[in-house]
Amino acid sequence: MNTQQYRFSRHSHHFVGRDLEPTIWQRLHIDPWLGMLLISICFIGLTVLYSASTQDTDMVMRQAVSYGIAFVIMLVMAQLPPNFYRTLTPIFYVLGLVLLVLVELIGEVRMGAQRWIRIPGFGSVQPSEFMKLGMPMMCAWYLSKKDLPPTLSTIFTTLAIIIVPVVLIAKEPDLGTSILVMASGLFVLFLAGLPWWLIGSAVAVSVPLLWVMWNFLMHDYQKTRVITLFDPESDALGKGWNIIQSQTAIGSGGLTGKGYLEGTQSHLHFLPEGHTDFIIAAFSEEFGLAGVLLLLFFYACLLMRSFYIAFVNPDIYCRLLAGALTMSFFVYIFVNMGMVGGILPVVGVPLPLISYGGTAIITLMAGFGLLMCIHTHQTTTNY
């Protein structure tokens, strides 16, 4: 075993207080640091949504209900031991694949995309959201049963596990979600000890593959988004409108912002999707750089706590899953802010825990429920 490769997946850390009595939080299987940070970010989300939605109290109430449901799901998931999820992981992954195939066959078409499937007695669901959890869980489950760092055969099998659902999601089409799902699987592989030479080779091979993607796989609207990224002024009143208006909103906020409820870009409806994908632009206009830095501080603390939970857990499955969920959460933040700031193409990725939308929030909170489960059950079993 190559000891110079990533030590993350193999080194157990046993310095989590063995000789101390479990706290009330550990007995309840709640991580108070994660809880406080999540509540703080959700409070910011409701605050900015009230303004970005032009004070639509019904929308704010629906978002609050979504937060409530998501927190309940998170707390319930935290109560179950990691072995429960480990056992159900293959079933959850296969179920997700079946639903993605059904979407391809009988899915509902909305706004030109076939992403939803109606389940009798339950309503419409978007199976691709399940894969945001199912993918890292399956990759962690598979790799935890193999010697690490992974061999070439193990790597290729893991890539097959990743590619199948990613292709199905990309065909809907849903480029943003397919990228996030693919990243969550690749992060598990990376943390398992993927050799650097293989990473470099993959990057080299991907360069000509970009030509194949551009000419044979990408839809016309996706190509337009890439072209608009480099020259939004070429279609200022069309495809470039989103980027131009979001950059205008961000720049007009300055250091301290225009003040709460004083934003003009969102209130006068210049800013498109100001309550969903572009909500950070509305937030920046009213609270300025100082407000954005405060939000980034909460995000950074949440990421550091999540990485700590992954780092101290001695179980390989839990470590890989927790690490991948944390890195995926970072990608959500980076892609959304990069998209709104004009350094990445517009791919329809919401700002986590801030943008309006119940499904994405519930999925994210379920992920944090897994993190709490991984941490609190690990600490309490030390006694």
# chains A, B, ... in the order shown; residues from 1 in each chain; ligands from 1
>>> residues_around(residues="A:Ala170", least_positions_apart="3", cutoff="10 Å", atoms="only C-alpha atoms", output="MDAnalysis selection string")
chainID A and resid 115 128 165:167 173:179 217:218
>>> write_last_selection(atoms="N, CA and C atoms", output="PDB file, in the first residue's frame")
ATOM      1  N   ARG A 115     -37.587  15.889 -16.499  1.00  0.00           N
ATOM      2  CA  ARG A 115     -36.846  15.620 -15.267  1.00  0.00           C
ATOM      3  C   ARG A 115     -37.704  15.045 -14.154  1.00  0.00           C
ATOM      4  N   SER A 128     -33.229  12.796  -9.994  1.00  0.00           N
ATOM      5  CA  SER A 128     -31.832  13.234 -10.013  1.00  0.00           C
ATOM      6  C   SER A 128     -31.399  13.788  -8.663  1.00  0.00           C
ATOM      7  N   PRO A 165     -25.614   6.931 -14.069  1.00  0.00           N
ATOM      8  CA  PRO A 165     -26.636   7.923 -13.693  1.00  0.00           C
ATOM      9  C   PRO A 165     -26.331   9.321 -14.216  1.00  0.00           C
ATOM     10  N   VAL A 166     -25.053   9.674 -14.353  1.00  0.00           N
ATOM     11  CA  VAL A 166     -24.705  11.002 -14.858  1.00  0.00           C
ATOM     12  C   VAL A 166     -25.194  11.172 -16.288  1.00  0.00           C
ATOM     13  N   VAL A 167     -25.022  10.146 -17.119  1.00  0.00           N
ATOM     14  CA  VAL A 167     -25.496  10.209 -18.504  1.00  0.00           C
ATOM     15  C   VAL A 167     -27.017  10.325 -18.552  1.00  0.00           C
ATOM     16  N   PRO A 173     -32.657  17.354 -20.394  1.00  0.00           N
ATOM     17  CA  PRO A 173     -31.284  17.573 -19.974  1.00  0.00           C
ATOM     18  C   PRO A 173     -31.219  18.372 -18.662  1.00  0.00           C
ATOM     19  N   ASP A 174     -30.206  18.058 -17.857  1.00  0.00           N
ATOM     20  CA  ASP A 174     -29.973  18.795 -16.616  1.00  0.00           C
ATOM     21  C   ASP A 174     -28.474  18.806 -16.361  1.00  0.00           C
ATOM     22  N   LEU A 175     -27.793  19.721 -17.050  1.00  0.00           N
ATOM     23  CA  LEU A 175     -26.336  19.768 -16.987  1.00  0.00           C
ATOM     24  C   LEU A 175     -25.840  20.088 -15.584  1.00  0.00           C
ATOM     25  N   GLY A 176     -26.511  21.032 -14.913  1.00  0.00           N
ATOM     26  CA  GLY A 176     -26.059  21.429 -13.579  1.00  0.00           C
ATOM     27  C   GLY A 176     -26.085  20.280 -12.601  1.00  0.00           C
ATOM     28  N   THR A 177     -27.212  19.551 -12.533  1.00  0.00           N
ATOM     29  CA  THR A 177     -27.316  18.436 -11.596  1.00  0.00           C
ATOM     30  C   THR A 177     -26.375  17.304 -11.978  1.00  0.00           C
ATOM     31  N   SER A 178     -26.211  17.044 -13.274  1.00  0.00           N
ATOM     32  CA  SER A 178     -25.300  15.976 -13.694  1.00  0.00           C
ATOM     33  C   SER A 178     -23.868  16.269 -13.271  1.00  0.00           C
ATOM     34  N   ILE A 179     -23.469  17.538 -13.342  1.00  0.00           N
ATOM     35  CA  ILE A 179     -22.127  17.921 -12.898  1.00  0.00           C
ATOM     36  C   ILE A 179     -21.976  17.699 -11.398  1.00  0.00           C
ATOM     37  N   LEU A 217     -22.550  16.280 -27.998  1.00  0.00           N
ATOM     38  CA  LEU A 217     -23.314  16.015 -26.789  1.00  0.00           C
ATOM     39  C   LEU A 217     -24.072  17.226 -26.257  1.00  0.00           C
ATOM     40  N   MET A 218     -23.490  18.407 -26.408  1.00  0.00           N
ATOM     41  CA  MET A 218     -24.100  19.599 -25.829  1.00  0.00           C
ATOM     42  C   MET A 218     -25.247  20.109 -26.693  1.00  0.00           C
TER      43      MET A 218
END
>>> closest_atom_pairs(of="stretch 29-54 of chain A", to="stretch 247-264 of chain A", cutoff="12 Å", atoms="only C-alpha atoms", output="CSV")
residue,atom,partner,partner_atom,distance
A:Ile44,CA,A:Tyr260,CA,11.9
A:Thr47,CA,A:Tyr260,CA,9.1
A:Val48,CA,A:Tyr260,CA,8.4
A:Leu49,CA,A:Leu261,CA,10.4
A:Tyr50,CA,A:Leu261,CA,8.5
A:Ser51,CA,A:Leu261,CA,5.3
A:Ala52,CA,A:Leu261,CA,8.2
A:Ser53,CA,A:Leu261,CA,10.2
A:Thr54,CA,A:Leu261,CA,8.2
>>> write_last_selection(atoms="N, CA and C atoms", output="CSV table (one decimal), in the first residue's frame")
chain,number,residue,atom,x,y,z
A,44,ILE,N,-30.5,33.7,7.3
A,44,ILE,CA,-30.1,34.6,6.3
A,44,ILE,C,-30.9,34.4,5.0
A,47,THR,N,-34.4,35.9,5.3
A,47,THR,CA,-34.2,37.4,5.3
A,47,THR,C,-34.1,37.9,3.9
A,48,VAL,N,-33.1,37.3,3.1
A,48,VAL,CA,-32.9,37.8,1.8
A,48,VAL,C,-34.0,37.4,0.8
A,49,LEU,N,-34.7,36.3,1.1
A,49,LEU,CA,-35.8,35.8,0.2
A,49,LEU,C,-37.0,36.8,0.3
A,50,TYR,N,-37.2,37.3,1.5
A,50,TYR,CA,-38.3,38.3,1.7
A,50,TYR,C,-38.1,39.5,0.8
A,51,SER,N,-36.9,40.0,0.7
A,51,SER,CA,-36.6,41.1,-0.1
A,51,SER,C,-36.5,40.7,-1.6
A,52,ALA,N,-35.8,39.6,-1.9
A,52,ALA,CA,-35.6,39.3,-3.3
A,52,ALA,C,-36.9,38.9,-4.0
A,53,SER,N,-37.9,38.4,-3.2
A,53,SER,CA,-39.2,38.1,-3.8
A,53,SER,C,-40.2,39.2,-3.8
A,54,THR,N,-39.6,40.4,-3.5
A,54,THR,CA,-40.4,41.7,-3.4
A,54,THR,C,-41.5,41.5,-2.3
>>> closest_residue(among="A:Tyr356, A:Phe92, A:Phe329, A:Tyr317", to="A:Phe278", atoms="only C-alpha atoms")
A:Tyr356
>>> select_by_dssp(residues="stretch 17-147 of chain A", states="strand (DSSP E or B)", output="PyMOL selection string")
chain A and resi 108-110+113-119+123-125
>>> write_last_selection(atoms="C-alpha atoms", output="mmCIF file, in the first residue's frame")
data_model
loop_
_atom_site.group_PDB
_atom_site.id
_atom_site.type_symbol
_atom_site.label_atom_id
_atom_site.label_comp_id
_atom_site.auth_asym_id
_atom_site.auth_seq_id
_atom_site.Cartn_x
_atom_site.Cartn_y
_atom_site.Cartn_z
ATOM 1 C CA GLU A 108 -43.140 14.751 -17.267
ATOM 2 C CA VAL A 109 -41.868 17.511 -19.541
ATOM 3 C CA ARG A 110 -41.679 20.969 -18.026
ATOM 4 C CA ALA A 113 -36.848 19.357 -19.807
ATOM 5 C CA GLN A 114 -37.966 15.835 -18.900
ATOM 6 C CA ARG A 115 -36.846 15.620 -15.267
ATOM 7 C CA TRP A 116 -39.896 14.679 -13.213
ATOM 8 C CA ILE A 117 -41.892 11.524 -12.663
ATOM 9 C CA ARG A 118 -45.311 11.319 -11.048
ATOM 10 C CA ILE A 119 -45.732 8.709 -8.325
ATOM 11 C CA GLY A 123 -46.891 13.595 -6.476
ATOM 12 C CA SER A 124 -44.056 14.554 -8.801
ATOM 13 C CA VAL A 125 -40.477 13.834 -7.793
#
>>> closest_residue(among="A:Ala204, A:Gly35, A:Thr154, A:Leu198", to="A:Phe71", atoms="only C-alpha atoms")
A:Gly35
>>> residues_around(residues="A:Gly338", least_positions_apart="4", cutoff="12 Å", atoms="only C-alpha atoms", output="PyMOL selection string")
chain A and resi 229+243+246-247+277-278+280-281+330-334+342-351
>>> write_last_selection(atoms="N, CA and C atoms", output="PDB file, in the first residue's frame")
ATOM      1  N   LEU A 229     -20.807  33.417 -21.723  1.00  0.00           N
ATOM      2  CA  LEU A 229     -19.902  33.608 -20.589  1.00  0.00           C
ATOM      3  C   LEU A 229     -18.718  34.492 -20.979  1.00  0.00           C
ATOM      4  N   ILE A 243     -26.313  37.534 -16.872  1.00  0.00           N
ATOM      5  CA  ILE A 243     -24.984  37.824 -16.328  1.00  0.00           C
ATOM      6  C   ILE A 243     -24.787  39.323 -16.143  1.00  0.00           C
ATOM      7  N   SER A 246     -26.838  40.561 -13.140  1.00  0.00           N
ATOM      8  CA  SER A 246     -26.321  40.077 -11.857  1.00  0.00           C
ATOM      9  C   SER A 246     -25.030  40.794 -11.493  1.00  0.00           C
ATOM     10  N   GLN A 247     -24.155  41.020 -12.473  1.00  0.00           N
ATOM     11  CA  GLN A 247     -22.921  41.760 -12.197  1.00  0.00           C
ATOM     12  C   GLN A 247     -23.221  43.207 -11.833  1.00  0.00           C
ATOM     13  N   ASP A 277     -31.758  31.088  -8.486  1.00  0.00           N
ATOM     14  CA  ASP A 277     -30.348  30.926  -8.850  1.00  0.00           C
ATOM     15  C   ASP A 277     -29.516  32.189  -8.630  1.00  0.00           C
ATOM     16  N   PHE A 278     -30.132  33.368  -8.782  1.00  0.00           N
ATOM     17  CA  PHE A 278     -29.362  34.615  -8.699  1.00  0.00           C
ATOM     18  C   PHE A 278     -29.618  35.362  -7.389  1.00  0.00           C
ATOM     19  N   ILE A 280     -27.896  35.438  -4.709  1.00  0.00           N
ATOM     20  CA  ILE A 280     -26.707  36.036  -4.102  1.00  0.00           C
ATOM     21  C   ILE A 280     -26.460  37.428  -4.671  1.00  0.00           C
ATOM     22  N   ALA A 281     -26.898  37.685  -5.912  1.00  0.00           N
ATOM     23  CA  ALA A 281     -26.756  39.028  -6.496  1.00  0.00           C
ATOM     24  C   ALA A 281     -27.673  40.007  -5.779  1.00  0.00           C
ATOM     25  N   PHE A 330     -19.277  22.265  -1.014  1.00  0.00           N
ATOM     26  CA  PHE A 330     -18.420  23.353  -1.462  1.00  0.00           C
ATOM     27  C   PHE A 330     -18.628  23.636  -2.949  1.00  0.00           C
ATOM     28  N   VAL A 331     -18.772  22.572  -3.752  1.00  0.00           N
ATOM     29  CA  VAL A 331     -18.974  22.756  -5.189  1.00  0.00           C
ATOM     30  C   VAL A 331     -20.281  23.489  -5.462  1.00  0.00           C
ATOM     31  N   TYR A 332     -21.339  23.172  -4.707  1.00  0.00           N
ATOM     32  CA  TYR A 332     -22.607  23.884  -4.880  1.00  0.00           C
ATOM     33  C   TYR A 332     -22.401  25.389  -4.709  1.00  0.00           C
ATOM     34  N   ILE A 333     -21.684  25.754  -3.650  1.00  0.00           N
ATOM     35  CA  ILE A 333     -21.437  27.171  -3.369  1.00  0.00           C
ATOM     36  C   ILE A 333     -20.610  27.802  -4.479  1.00  0.00           C
ATOM     37  N   PHE A 334     -19.522  27.124  -4.852  1.00  0.00           N
ATOM     38  CA  PHE A 334     -18.593  27.666  -5.842  1.00  0.00           C
ATOM     39  C   PHE A 334     -19.268  27.837  -7.203  1.00  0.00           C
ATOM     40  N   GLY A 342     -20.218  35.581 -13.124  1.00  0.00           N
ATOM     41  CA  GLY A 342     -19.801  35.652 -14.519  1.00  0.00           C
ATOM     42  C   GLY A 342     -18.505  34.957 -14.832  1.00  0.00           C
ATOM     43  N   ILE A 343     -18.020  34.056 -13.937  1.00  0.00           N
ATOM     44  CA  ILE A 343     -16.783  33.323 -14.228  1.00  0.00           C
ATOM     45  C   ILE A 343     -17.077  31.870 -14.607  1.00  0.00           C
ATOM     46  N   LEU A 344     -18.342  31.450 -14.513  1.00  0.00           N
ATOM     47  CA  LEU A 344     -18.767  30.124 -14.933  1.00  0.00           C
ATOM     48  C   LEU A 344     -20.053  30.247 -15.743  1.00  0.00           C
ATOM     49  N   PRO A 345     -20.312  29.296 -16.647  1.00  0.00           N
ATOM     50  CA  PRO A 345     -21.570  29.342 -17.408  1.00  0.00           C
ATOM     51  C   PRO A 345     -22.779  29.191 -16.500  1.00  0.00           C
ATOM     52  N   VAL A 346     -23.897  29.720 -16.921  1.00  0.00           N
ATOM     53  CA  VAL A 346     -25.144  29.582 -16.172  1.00  0.00           C
ATOM     54  C   VAL A 346     -25.658  28.157 -16.344  1.00  0.00           C
ATOM     55  N   VAL A 347     -25.709  27.396 -15.242  1.00  0.00           N
ATOM     56  CA  VAL A 347     -26.115  25.988 -15.309  1.00  0.00           C
ATOM     57  C   VAL A 347     -27.295  25.689 -14.394  1.00  0.00           C
ATOM     58  N   GLY A 348     -27.877  26.676 -13.776  1.00  0.00           N
ATOM     59  CA  GLY A 348     -29.073  26.447 -12.975  1.00  0.00           C
ATOM     60  C   GLY A 348     -28.821  25.731 -11.672  1.00  0.00           C
ATOM     61  N   VAL A 349     -27.760  26.095 -10.969  1.00  0.00           N
ATOM     62  CA  VAL A 349     -27.454  25.507  -9.663  1.00  0.00           C
ATOM     63  C   VAL A 349     -27.822  26.517  -8.579  1.00  0.00           C
ATOM     64  N   PRO A 350     -28.732  26.195  -7.665  1.00  0.00           N
ATOM     65  CA  PRO A 350     -29.129  27.155  -6.626  1.00  0.00           C
ATOM     66  C   PRO A 350     -28.048  27.332  -5.571  1.00  0.00           C
ATOM     67  N   LEU A 351     -28.093  28.458  -4.872  1.00  0.00           N
ATOM     68  CA  LEU A 351     -27.180  28.683  -3.753  1.00  0.00           C
ATOM     69  C   LEU A 351     -27.669  27.868  -2.561  1.00  0.00           C
TER      70      LEU A 351
END
>>> closest_residue(among="A:Leu321, A:Met304, A:Ile354, A:Leu28", to="A:Thr276", atoms="only C-alpha atoms")
A:Ile354
>>> closest_residue(among="A:Leu210, A:Ile161, A:Met137, A:Met365", to="A:Cys318", atoms="only C-alpha atoms")
A:Met137
>>> residues_around(residues="stretch 72-75 of chain A", least_positions_apart="2", cutoff="6 Å", atoms="only C-alpha atoms", output="number ranges by chain")
A: 69-70, 77-78, 365-366, 369
>>> write_last_selection(atoms="N, CA and C atoms", output="mmCIF file, in the first residue's frame")
data_model
loop_
_atom_site.group_PDB
_atom_site.id
_atom_site.type_symbol
_atom_site.label_atom_id
_atom_site.label_comp_id
_atom_site.auth_asym_id
_atom_site.auth_seq_id
_atom_site.Cartn_x
_atom_site.Cartn_y
_atom_site.Cartn_z
ATOM 1 N N ILE A 69 -39.479 21.045 7.394
ATOM 2 C CA ILE A 69 -39.491 19.648 6.969
ATOM 3 C C ILE A 69 -38.062 19.125 6.839
ATOM 4 N N ALA A 70 -37.182 19.951 6.261
ATOM 5 C CA ALA A 70 -35.799 19.537 6.055
ATOM 6 C C ALA A 70 -35.088 19.287 7.387
ATOM 7 N N MET A 77 -32.774 11.363 10.379
ATOM 8 C CA MET A 77 -31.676 10.611 9.773
ATOM 9 C C MET A 77 -30.484 10.508 10.710
ATOM 10 N N ALA A 78 -30.287 11.517 11.550
ATOM 11 C CA ALA A 78 -29.171 11.485 12.493
ATOM 12 C C ALA A 78 -29.342 10.413 13.565
ATOM 13 N N MET A 365 -30.202 19.017 3.575
ATOM 14 C CA MET A 365 -30.363 18.727 4.997
ATOM 15 C C MET A 365 -30.254 17.229 5.273
ATOM 16 N N ALA A 366 -30.719 16.411 4.341
ATOM 17 C CA ALA A 366 -30.544 14.969 4.497
ATOM 18 C C ALA A 366 -29.059 14.619 4.526
ATOM 19 N N GLY A 369 -27.833 15.418 7.818
ATOM 20 C CA GLY A 369 -28.289 14.381 8.728
ATOM 21 C C GLY A 369 -27.344 13.188 8.725
#
>>> select_by_dssp(residues="stretch 118-351 of chain A", states="helix (DSSP H, G or I)", output="MDAnalysis selection string")
chainID A and resid 127:143 152:170 175:191 196:217 220:230 232:235 241:253 264:267 279:312 316:341
>>> atom_distance(atom1="atom CA of A:Gly200", atom2="atom CA of A:Val312")
29.0 Å
>>> closest_residue(among="A:Ala282, A:Ile374, A:Ile362, A:Leu148", to="A:Gly68", atoms="only C-alpha atoms")
A:Ile362
>>> atom_distance(atom1="atom CA of A:Pro149", atom2="atom CA of A:Trp197")
13.1 Å
>>> closest_residue(among="A:Ser328, A:Thr23, A:Thr359, A:Asn336", to="A:Arg62", atoms="only C-alpha atoms")
A:Thr359
